[in-house]
$ cat my_file03.cif   # mmCIF, C-alpha atoms
data_structure
#
loop_
_atom_site.label_atom_id
_atom_site.label_comp_id
_atom_site.auth_asym_id
_atom_site.auth_seq_id
_atom_site.Cartn_x
_atom_site.Cartn_y
_atom_site.Cartn_z
CA MET A 87 -1.81 -13.73 -15.64
CA SER A 88 -2.26 -17.50 -15.74
CA ASN A 89 -5.03 -19.32 -13.91
CA GLU A 90 -4.15 -20.64 -10.47
CA LYS A 91 -5.62 -23.64 -8.72
CA CYS A 92 -7.39 -23.23 -5.39
CA LEU A 93 -7.96 -26.05 -2.94
CA PHE A 94 -11.29 -26.09 -1.10
CA TYR A 95 -11.50 -28.52 1.80
CA ARG A 96 -14.62 -30.65 1.86
CA SER A 97 -15.42 -29.54 5.43
CA HIS A 98 -15.88 -25.99 4.07
CA LEU A 99 -18.27 -27.00 1.26
CA ARG A 100 -22.03 -27.40 1.12
CA ASN A 101 -23.30 -30.97 1.48
CA ARG A 102 -19.84 -32.02 2.76
CA PRO A 103 -18.62 -34.06 -0.26
CA SER A 104 -16.36 -37.07 0.18
CA LYS A 105 -13.33 -35.37 -1.42
CA ASN A 106 -11.67 -31.97 -1.35
CA LEU A 107 -12.33 -29.74 -4.34
CA ARG A 108 -9.56 -28.25 -6.50
CA VAL A 109 -10.62 -25.56 -8.98
CA GLN A 110 -8.93 -22.99 -11.17
CA TYR A 111 -9.21 -19.32 -10.34
CA LYS A 112 -10.14 -17.68 -13.64
CA TRP A 113 -8.47 -14.28 -13.61
CA GLN A 114 -9.97 -13.25 -16.95
CA ILE A 115 -13.49 -13.70 -15.55
CA TYR A 116 -13.19 -12.93 -11.84
CA GLY A 117 -10.47 -10.29 -11.98
CA CYS A 118 -8.16 -9.57 -9.06
CA PRO A 119 -9.68 -10.59 -5.72
CA LEU A 120 -10.16 -8.05 -2.98
CA ARG A 121 -7.77 -8.98 -0.16
CA LEU A 122 -9.24 -8.69 3.34
CA ASP A 123 -7.87 -9.47 6.76
CA PHE A 124 -9.97 -12.21 8.36
CA LYS A 125 -11.12 -9.71 11.01
CA GLU A 126 -12.53 -7.31 8.38
CA LYS A 127 -16.24 -7.45 7.64
CA PHE A 128 -17.35 -6.80 4.07
CA HIS A 129 -20.50 -5.04 2.88
CA PRO A 130 -20.97 -5.42 -0.89
CA LEU A 131 -22.23 -2.39 -2.79
CA ILE A 132 -23.70 -3.11 -6.23
CA GLU A 133 -23.64 -0.68 -9.16
CA LEU A 134 -25.73 -0.93 -12.32
CA HIS A 135 -23.94 -0.22 -15.60
CA ASN A 136 -25.03 -0.34 -19.23
CA SER A 137 -23.18 0.08 -22.51
CA GLU A 138 -22.84 3.81 -21.87
CA GLY A 139 -21.42 3.42 -18.36
CA PHE A 140 -22.64 3.92 -14.81
CA VAL A 141 -26.41 4.07 -14.26
CA GLU A 142 -27.02 3.95 -10.50
CA GLU A 143 -26.20 2.28 -7.22
CA VAL A 144 -28.51 -0.65 -6.59
CA LYS A 145 -30.63 -0.09 -3.47
CA ALA A 146 -32.76 -3.23 -3.87
CA ASN A 147 -32.32 -6.42 -1.87
CA PHE A 148 -29.83 -8.95 -3.21
CA ILE A 149 -28.28 -12.25 -2.21
CA VAL A 150 -24.81 -13.72 -2.62
CA TRP A 151 -23.46 -17.26 -2.74
CA GLU A 152 -20.03 -18.79 -3.24
CA ILE A 153 -20.06 -20.40 -6.67
CA HIS A 154 -17.80 -23.33 -5.79
CA GLY A 155 -19.95 -24.36 -2.84
CA ARG A 156 -18.14 -22.83 0.12
CA ASP A 157 -20.37 -22.13 3.10
CA ASP A 158 -17.76 -21.29 5.77
CA TYR A 159 -18.76 -17.63 5.93
CA SER A 160 -21.67 -15.90 7.62
CA PHE A 161 -23.42 -12.56 8.14
CA ASN A 162 -23.07 -10.16 11.05
CA THR A 163 -26.76 -9.22 11.25
CA THR A 164 -29.51 -11.44 12.65
CA MET A 165 -33.15 -11.61 11.62
CA LYS A 166 -34.13 -10.09 14.95
CA LYS A 167 -31.79 -7.09 14.57
CA THR A 168 -33.12 -6.52 11.07
CA GLY A 169 -36.68 -6.29 12.40
CA CYS A 170 -38.07 -9.54 11.03
CA LEU A 171 -41.42 -10.62 12.47
CA HIS A 172 -40.91 -14.23 11.39
CA GLU A 173 -38.02 -16.30 10.06
CA ALA A 174 -36.54 -14.87 6.90
CA GLN A 175 -35.64 -16.97 3.90
CA THR A 176 -32.14 -18.44 3.98
CA TRP A 177 -30.04 -20.53 1.65
CA LYS A 178 -30.66 -23.54 3.87
CA SER A 179 -34.44 -23.17 3.88
CA MET A 180 -34.61 -22.45 0.15
CA THR A 181 -32.42 -25.42 -0.84
CA GLU A 182 -34.57 -27.70 1.31
CA LEU A 183 -37.69 -26.44 -0.48
CA ASN A 184 -36.12 -26.78 -3.94
CA LYS A 185 -33.92 -29.86 -3.69
CA ASP A 186 -34.20 -30.67 -7.41
CA LEU A 187 -32.89 -27.28 -8.57
CA PRO A 188 -29.28 -26.11 -8.90
CA LEU A 189 -28.13 -23.71 -6.22
CA GLU A 190 -28.34 -20.61 -8.42
CA LYS A 191 -32.04 -21.25 -9.11
CA VAL A 192 -33.41 -22.17 -5.68
CA TRP A 193 -33.83 -18.54 -4.61
CA GLY A 194 -34.69 -15.48 -6.62
CA PRO A 195 -37.27 -12.75 -7.36
CA GLU A 196 -39.85 -15.35 -8.37
CA ASN A 197 -40.05 -16.90 -4.87
CA TYR A 198 -38.79 -14.10 -2.62
CA ARG A 199 -40.86 -13.40 0.51
CA HIS A 200 -39.96 -10.70 3.01
CA CYS A 201 -40.04 -11.27 6.77
CA PHE A 202 -41.76 -8.09 7.94
CA SER A 203 -45.37 -9.27 8.19
CA TYR A 204 -47.22 -11.15 10.94
CA ALA A 205 -49.53 -12.70 8.36
CA ILE A 206 -46.97 -15.11 6.88
CA GLY A 207 -46.18 -17.40 9.81
CA LYS A 208 -44.88 -17.95 13.32
CA PRO A 209 -41.81 -16.03 14.46
CA GLY A 210 -39.51 -19.06 14.71
CA ASP A 211 -35.82 -18.59 15.50
CA LEU A 212 -34.99 -14.95 14.81
CA ASN A 213 -31.42 -15.28 16.09
CA GLN A 214 -30.33 -16.83 12.80
CA PRO A 215 -28.10 -14.80 10.45
CA TYR A 216 -30.01 -12.57 8.05
CA GLU A 217 -28.70 -13.46 4.58
CA ILE A 218 -30.27 -10.68 2.50
CA ILE A 219 -28.19 -7.58 1.75
CA ASN A 220 -28.97 -4.10 0.51
CA LYS A 221 -27.23 -0.76 0.49
CA SER A 222 -28.83 0.54 3.68
CA ASN A 223 -29.02 -2.48 6.00
CA TYR A 224 -25.24 -2.70 6.49
CA ASN A 225 -25.36 -6.47 6.54
CA HIS A 226 -21.75 -7.62 6.26
CA LEU A 227 -20.09 -10.86 5.27
CA VAL A 228 -17.90 -12.24 8.06
CA TRP A 229 -15.14 -14.82 7.78
CA PRO A 230 -14.03 -17.88 9.76
CA MET A 231 -11.47 -17.32 12.50
CA TYR A 232 -9.48 -20.51 11.96
CA HIS A 233 -8.47 -20.60 8.28
CA THR A 234 -7.95 -18.39 5.25
CA GLY A 235 -9.29 -18.90 1.76
CA MET A 236 -10.46 -17.66 -1.61
CA TYR A 237 -14.16 -16.93 -2.16
CA VAL A 238 -15.84 -16.26 -5.50
CA PHE A 239 -19.31 -14.84 -4.93
CA GLN A 240 -22.17 -14.41 -7.34
CA VAL A 241 -24.78 -11.72 -6.78
CA LYS A 242 -28.47 -11.86 -7.68
CA ILE A 243 -31.00 -9.06 -7.32
CA LEU A 244 -33.79 -10.42 -5.13
CA ASP A 245 -36.39 -7.66 -5.27
CA PRO A 246 -39.02 -8.58 -7.92
CA ASN A 247 -39.99 -4.92 -8.32
CA TYR A 248 -36.52 -3.77 -9.35
CA SER A 249 -36.45 -5.10 -12.90
CA PHE A 250 -37.68 -7.88 -15.16
CA CYS A 251 -34.05 -8.51 -16.12
CA ASN A 252 -31.97 -11.14 -14.35
CA PHE A 253 -29.15 -8.99 -12.99
CA THR A 254 -26.12 -10.86 -11.67
CA ALA A 255 -22.50 -10.06 -10.87
CA ILE A 256 -19.36 -11.83 -9.64
CA PHE A 257 -16.72 -10.66 -7.18
CA ALA A 258 -13.86 -12.43 -5.42
CA ILE A 259 -12.50 -12.11 -1.89
CA GLU A 260 -9.19 -13.45 -0.62
CA VAL A 261 -9.10 -13.70 3.17
CA TYR A 262 -5.69 -13.66 4.87
CA GLY A 263 -4.13 -13.13 8.28
CA VAL A 264 -5.11 -16.30 10.13
CA ILE A 265 -2.17 -17.96 11.87
CA PRO A 266 -2.67 -21.68 11.18
CA SER A 267 -2.77 -23.87 14.26
CA PRO A 268 -0.07 -26.57 14.28
CA SER A 269 -1.08 -30.18 13.82
CA GLY A 270 -0.83 -32.69 16.66
CA TYR A 271 1.93 -34.52 14.80
CA LEU A 272 4.07 -31.38 14.57
CA VAL A 273 3.53 -30.57 18.24
CA ALA A 274 4.45 -34.12 19.29
CA SER A 275 7.54 -34.08 17.05
CA PHE A 276 8.65 -30.74 18.47
CA LEU A 277 8.21 -31.94 22.07
CA PHE A 278 10.13 -35.14 21.30
CA PHE A 279 12.95 -33.06 19.81
CA LEU A 280 13.07 -30.85 22.92
CA MET A 281 13.17 -33.89 25.22
CA LEU A 282 15.91 -35.50 23.13
CA LEU A 283 17.90 -32.27 23.18
CA PHE A 284 17.47 -31.96 26.96
CA PHE A 285 18.66 -35.52 27.67
CA SER A 286 21.55 -35.14 25.21
CA ILE A 287 22.72 -32.01 27.03
CA LEU A 288 22.28 -33.80 30.36
CA VAL A 289 24.42 -36.77 29.24
CA LEU A 290 27.10 -34.55 27.73
CA SER A 291 27.16 -32.43 30.89
CA TYR A 292 27.60 -35.57 33.00
CA PHE A 293 30.64 -36.74 31.04
CA HIS A 294 32.05 -33.22 30.95
CA TYR A 295 31.85 -32.82 34.72
CA MET A 296 33.18 -36.35 35.25
CA ARG A 297 36.24 -35.41 33.20
CA ILE A 298 36.71 -32.24 35.25
CA TYR A 299 36.28 -34.19 38.48
CA LYS A 300 38.81 -36.81 37.39
CA GLN A 301 41.34 -34.25 36.18
CA TYR A 302 41.22 -31.72 39.00
CA ILE A 303 39.93 -33.61 42.04
CA TYR A 304 40.32 -37.37 41.82
CA GLU A 305 43.75 -37.61 40.16
CA PRO A 306 45.47 -34.98 42.40
CA GLN A 307 44.13 -36.69 45.52
CA TYR A 308 45.22 -40.08 44.21
CA LYS A 309 48.72 -38.79 43.54
CA ILE A 310 48.95 -37.30 47.05
CA ARG A 311 47.86 -40.56 48.68
CA ARG A 312 50.33 -42.47 46.56
CA ARG A 313 53.21 -40.19 47.59
CA GLN A 314 52.25 -40.60 51.23
CA LYS A 315 52.39 -44.38 50.92
CA ASN A 316 55.78 -44.28 49.23
CA SER A 317 57.33 -41.93 51.81
#
$ encode --input "my_file03.cif" --output "structure tokens"
Amino acid sequence: MSNEKCLFYRSHLRNRPSKNLRVQYKWQIYGCPLRLDFKEKFHPLIELHNSEGFVEEVKANFIVWEIHGRDDYSFNTTMKKTGCLHEAQTWKSMTELNKDLPLEKVWGPENYRHCFSYAIGKPGDLNQPYEIINKSNYNHLVWPMYHTGMYVFQVKILDPNYSFCNFTAIFAIEVYGVIPSPSGYLVASFLFFLMLLFFSILVLSYFHYMRIYKQYIYEPQYKIRRRQKNS
């Protein structure tokens, strides 16, 4: 299957670039995307494989990010619901701390800090989305309600105690089902067409009824009056 181009609008990308982004979807690398209705939440489950096959399901913490820079998705669990005692690490906080690093290196096992200790800092805003996933916390990815799209996520194991290896994976999600809202131009054009159609019918009806009036009312009366004058 040949590569297809995907258009990512700049308003859906990190750092809000000046232009939209058009990239190729690499089927040979990403495989077929999982198609989800925009109302469906998604909880990734990660499996570890080696050259001999399946090893185990990964129970350690991991993070995901969209490799082309999309950030128009979120998580259904908050820091407070997860049990955090202070603000957890997020992509926003980690990119602000590591501005000189590429996105895939700003957050990982080497700088991971959990949020379940009073000793680390003040509570902060615990109503923020919790962006760390594992098998048991049922933290799901959730999608925007106003547009569809293709997402290519990369996974990184976050727990430093899981392995010295840098385990990563890629999976793709295609979100569908959103009914696009019409543009203002289309709405205005449609209303103008309806008004034009209404007035056209009104004018045609006027001439139609005038013809009926002339044929069946005015002309017979005129002929009667004319006969009366001649008699």
$ resolve_selection --input "my_file03.cif" --expression "the PyMOL selection byres ((chain A and resi 179) around 12)" --output "list in words"
Glu173, Ala174, Gln175, Thr176, Trp177, Lys178, Met180, Thr181, Glu182, Leu183, Asn184, Lys185, Leu189, Val192, Trp193, Tyr198, Gln214 and Glu217 of chain A
$ residues_around --input "my_file03.cif" --residues "region 139-146 of chain A" --least-positions-apart "5" --cutoff "6 Å" --atoms "all atoms listed in the file" --output "NGL selection string"
:A and (132-134 or 220-221 or 245)
$ atom_distance --input "my_file03.cif" --atom1 "CA of Arg96 (chain A)" --atom2 "CA of Ile259 (chain A)"
19.0 Å
$ closest_residue --input "my_file03.cif" --among "A:Asn223, A:Ser249, A:Cys170, A:Pro195" --to "Gly210 (chain A)" --atoms "all atoms listed in the file"
A:Cys170
$ axis_aligned_box --input "my_file03.cif" --around "region 220-239 of chain A" --padding-each-side "8 Å" --output "JSON"
{"center_x": -18.5, "center_y": -10.0, "center_z": 3.5, "size_x": 37.1, "size_y": 37.1, "size_z": 34.0}
$ closest_residue --input "my_file03.cif" --among "A:Ile115, A:Ile303, A:Leu120, A:Leu280" --to "Gly235 (chain A)" --atoms "only C-alpha atoms"
A:Leu120
$ closest_residue --input "my_file03.cif" --among "A:Thr163, A:Leu272, A:Trp151, A:Tyr216" --to "Thr254 (chain A)" --atoms "only C-alpha atoms"
A:Trp151
